[in-house]
2 protein chains.
Amino acid sequence: MTPLQLRQQVRSGEFRLPTAGYCGAYAQANLVILPQAHADAFLLFCQRNQRACPLLAVGEPGQWNVSALGADMDLRSDTPGYNIYRDGELAAQTHALHDLWRDDLVVFAIGCSFSFEQMLIDAGIKLRHIEQRRNVAMYRTNIRNRSAGPFGGEMVVSMRPMKAADAIRAIQITSRFPAVHGAPVHLGDPSLIGIADINRPEYGDAVEIMPDEIPVFWACGVTPQEAIRHARLPLAITHQPGYMLVTDILNSSLAAF
Amino acid sequence: MTPLQLRQQVRSGEFRLPTAGYCGAYAQANLVILPQAHADAFLLFCQRNQRACPLLAVGEPGQWNVSALGADMDLRSDTPGYNIYRDGELAAQTHALHDLWRDDLVVFAIGCSFSFEQMLIDAGIKLRHIEQRRNVAMYRTNIRNRSAGPFGGEMVVSMRPMKAADAIRAIQITSRFPAVHGAPVHLGDPSLIGIADINRPEYGDAVEIMPDEIPVFWACGVTPQEAIRHARLPLAITHQPGYMLVTDILNSSLAAF
């Protein structure tokens with residue numbers, strides 16, 4: 001299935017699943033959709049927090065077909081699930097945004113760890129949460145984001161346990177992909193970045209860390225979602241976690257070198 | 001002082017110091033000099049253990065002026081100190097090899113961690129052993145070398161303690177320099193590579209590891225020296241540890257990308 005074929009199935013309602021594992025060679029994106037009144041500040045927030053918020057594309061106000069992300073794109077319907085936030089609270093979940101769409105809405109597509117996970121798997125590095133078919137474990141940290149307008153808060157990280165040699169290789173591989181979070185931000189002792197209990201992630205599922213492994217932490221695309229909720233904007237729209245936009249961008253094309 | 005000027009002072013006997021900190025932009029080399037009868041096996045050993053034995057240059061039999069290493073080179077006298085091993089035992093130390101030189105001696109120049117340490121310092125990463133003017137801590141591990149002829153044994157590693165963010169950056173930086181040991185081979189728990197007591201290095205000086213730091217381990221140029229001693233060759237010559245050959249090769253020219 002090509003990304004376009006998948007998006008067409010999403011659009012028609014045939015496909016309503018989490019997108020992990022589909023179209024593995026292509027980048028999937030976190031979506032943030034904001035009224036223009038807050039878009040400039042959010043763009044600045046992304047620039048100042050690139051590890052957590054690497055931008056793949058930003059649309060024009062009202063634009064729902066951002067060609068940089070793929071052919072025949074309709075961002076009002078091509079993601080299997082959307083969360084609607086009002087005043088920072090989850091107000092609704094929907095499969096399509098046609099009723100909500102406004103000429104001042106701006107789409108932000110943010111790189112997703114699925115891309116680098118595929119690169120790690122291709123390199124022979126086993127990822128426990130994928131082998132156990134769980135969500136990756138995600139944690140709130142004490143790493144402060146750089147604020148912009150109403151957006152601030154702390155970085156959220158995802159964690160993958162690895163043997164040291166795999167961690168070193170994973171750093172090399174993910175360093176080549178700054179557009180999908182790039183290199184880890186931390187490894188080893190979780191308490192040094194404010195994680196009190198590694199067995200209790202704030203998002204996703206806990207995974208076991210073996211005695212010969214260390215936890216490796218990457219900046220996570222949940223960071224901007226948290227920042228948006230805490231900003232308590234009158235309206236903000238995101239994808240539903242796990243239900244991503246599948247783009248036409250080849251993961252391999254995102255390599256910085 | 002240029003590398004050529006330094007080598008001329010070494011040759012004349014004016015300079016008899018460890019070479020750390022001199023001509024910082026240029027690569028320094030570990031030297032191994034073997035009779036041709038053992039040179040092919042040692043070349044194979046280096047090929048099979050590139051992390052520990054990255055070759056900068058190999059001479060022809062009898063050649064003491066290897067131009068790939070620098071201009072007006074005399075490898076019989078341009079290193080401030082040589083160790084002479086006979087049957088695997090240190091038999092003598094000398095400043096010049098003219099009396100010992102034979103037409104069948106082959107010079108191997110092996111990359112040295114001084115090169116990547118300079119890159120780390122330039123990137124703002126503090127190295128405790130340099131700040132405290134000590135030798136780097138080195139440890140025998142349980143990582144088996146791949147054997148070739150009489151050469152085998154275990155990898156020796158050097159260790160530098162760092163905060164996690166610096167360790168990640170150091171992996172990125174040193175990955176660009178495979179000719180000078182490249183990326184680390186391990187980080188974190190020393191016992192996983194057979195180091196029983198991190199406070200008792202086999203070579204060099206112990207340094208403190210702070211609570212917010214992890215030990216980061218690189219393959220070390222002492223590995224081939226150990227392999228040579230254990231091979232108990234009738235004759236083998238090396239530089240004296242710390243008294244390196246200063247080459248005309250710019251460290252920056254060794255970047256793989």
# chains A, B, ... in the order shown; residues from 1 in each chain; ligands from 1
>>> interface_residues(of="chain A", to="chain B", cutoff="8 Å", atoms="only C-alpha atoms", output="ChimeraX atom specification")
/A:164-165,168,171-172,175,183-189,192,212,214
>>> select_by_dssp(residues="segment 128-256 of chain B", states="helix (DSSP H, G or I)", output="ChimeraX atom specification")
/B:128-131,164-175,178-180,190-193,222-231,251-254
>>> residues_around(residues="segment 149-159 of chain A", least_positions_apart="3", cutoff="8 Å", atoms="only C-alpha atoms", output="PyMOL selection string")
chain A and resi 41-42+45+52+136-146+215-223+226-228+230-231
>>> closest_residue(among="A:Ile198, A:Ala25, A:Met1, A:Ile209", to="Met119 of chain A", atoms="only C-alpha atoms")
A:Ala25
>>> closest_residue(among="B:Tyr22, B:Phe108, B:Phe15, B:Trp64", to="Leu34 of chain B", atoms="only C-alpha atoms")
B:Phe108
>>> residues_around(residues="Ile130 of chain A", least_positions_apart="3", cutoff="12 Å", atoms="only C-alpha atoms", output="ChimeraX atom specification")
/A:20-21,114,117-118,120-121,125-127,133-137,160-161,205,207
>>> write_last_selection(atoms="N, CA and C atoms", output="compact mmCIF listing (two decimals), in the first residue's frame")
# COMPACT_ATOMS: atom_id res chain seq x y z
N ALA A 20 1.05 2.85 13.18
CA ALA A 20 2.37 2.23 13.38
C ALA A 20 2.48 0.97 12.53
N GLY A 21 3.58 0.84 11.80
CA GLY A 21 3.82 -0.36 11.02
C GLY A 21 3.32 -0.27 9.59
N PHE A 114 8.49 7.29 14.76
CA PHE A 114 8.33 6.09 13.92
C PHE A 114 9.42 6.05 12.85
N GLU A 117 12.71 4.94 14.38
CA GLU A 117 12.58 3.55 14.84
C GLU A 117 12.77 2.59 13.67
N GLN A 118 12.22 2.96 12.52
CA GLN A 118 12.40 2.11 11.34
C GLN A 118 13.88 2.00 10.99
N LEU A 120 16.39 2.24 13.06
CA LEU A 120 17.04 1.41 14.09
C LEU A 120 16.77 -0.07 13.82
N ILE A 121 15.52 -0.39 13.50
CA ILE A 121 15.17 -1.78 13.21
C ILE A 121 15.94 -2.27 11.98
N ILE A 125 18.75 -3.28 15.40
CA ILE A 125 18.56 -2.96 16.82
C ILE A 125 17.12 -3.30 17.20
N LYS A 126 16.99 -4.17 18.19
CA LYS A 126 15.66 -4.60 18.62
C LYS A 126 15.05 -3.55 19.55
N LEU A 127 13.79 -3.23 19.31
CA LEU A 127 13.08 -2.27 20.15
C LEU A 127 12.00 -3.04 20.90
N ARG A 133 4.62 -5.27 21.08
CA ARG A 133 3.42 -4.61 20.55
C ARG A 133 2.78 -3.68 21.58
N ARG A 134 3.65 -2.87 22.21
CA ARG A 134 3.13 -1.86 23.13
C ARG A 134 3.43 -0.48 22.57
N ASN A 135 2.81 0.55 23.20
CA ASN A 135 3.23 1.92 22.91
C ASN A 135 4.58 2.17 23.57
N VAL A 136 5.37 3.07 23.00
CA VAL A 136 6.62 3.44 23.61
C VAL A 136 6.33 4.15 24.94
N ALA A 137 7.24 3.99 25.91
CA ALA A 137 7.07 4.65 27.21
C ALA A 137 7.50 6.12 27.10
N ARG A 160 13.74 4.12 25.22
CA ARG A 160 13.94 2.77 24.67
C ARG A 160 15.15 2.16 25.37
N PRO A 161 14.99 1.01 26.02
CA PRO A 161 16.14 0.36 26.69
C PRO A 161 17.01 -0.36 25.66
N ASP A 205 3.28 2.76 27.47
CA ASP A 205 3.37 1.58 28.33
C ASP A 205 4.80 1.42 28.86
N VAL A 207 8.14 -0.54 29.80
CA VAL A 207 8.82 -1.76 29.32
C VAL A 207 9.96 -2.07 30.27
>>> select_by_dssp(residues="segment 37-234 of chain A", states="strand (DSSP E)", output="PyMOL selection string")
chain A and resi 55-58+82-86+89-94+105-111+137-144+154-162+186-187+214-219
>>> residues_around(residues="Val180 of chain B", least_positions_apart="4", cutoff="6 Å", atoms="only C-alpha atoms", output="list of chain:residue names")
B:Gly111, B:Cys112, B:Ser113
>>> residues_around(residues="segment 237-251 of chain B", least_positions_apart="4", cutoff="8 Å", atoms="only C-alpha atoms", output="PyMOL selection string")
chain B and resi 3-4+6-7+17-20+23+25-34+69-71+78-85+115-116+225+255
>>> closest_residue(among="A:Ser67, A:Leu233, A:Ser253, A:Ala206", to="Ala39 of chain A", atoms="only C-alpha atoms")
A:Leu233
>>> residues_around(residues="Leu254 of chain B", least_positions_apart="6", cutoff="8 Å", atoms="only C-alpha atoms", output="NGL selection string")
:B and (177-179)
>>> atom_distance(atom1="atom CA of Arg102 of chain B", atom2="atom CA of Pro61 of chain B")
8.8 Å
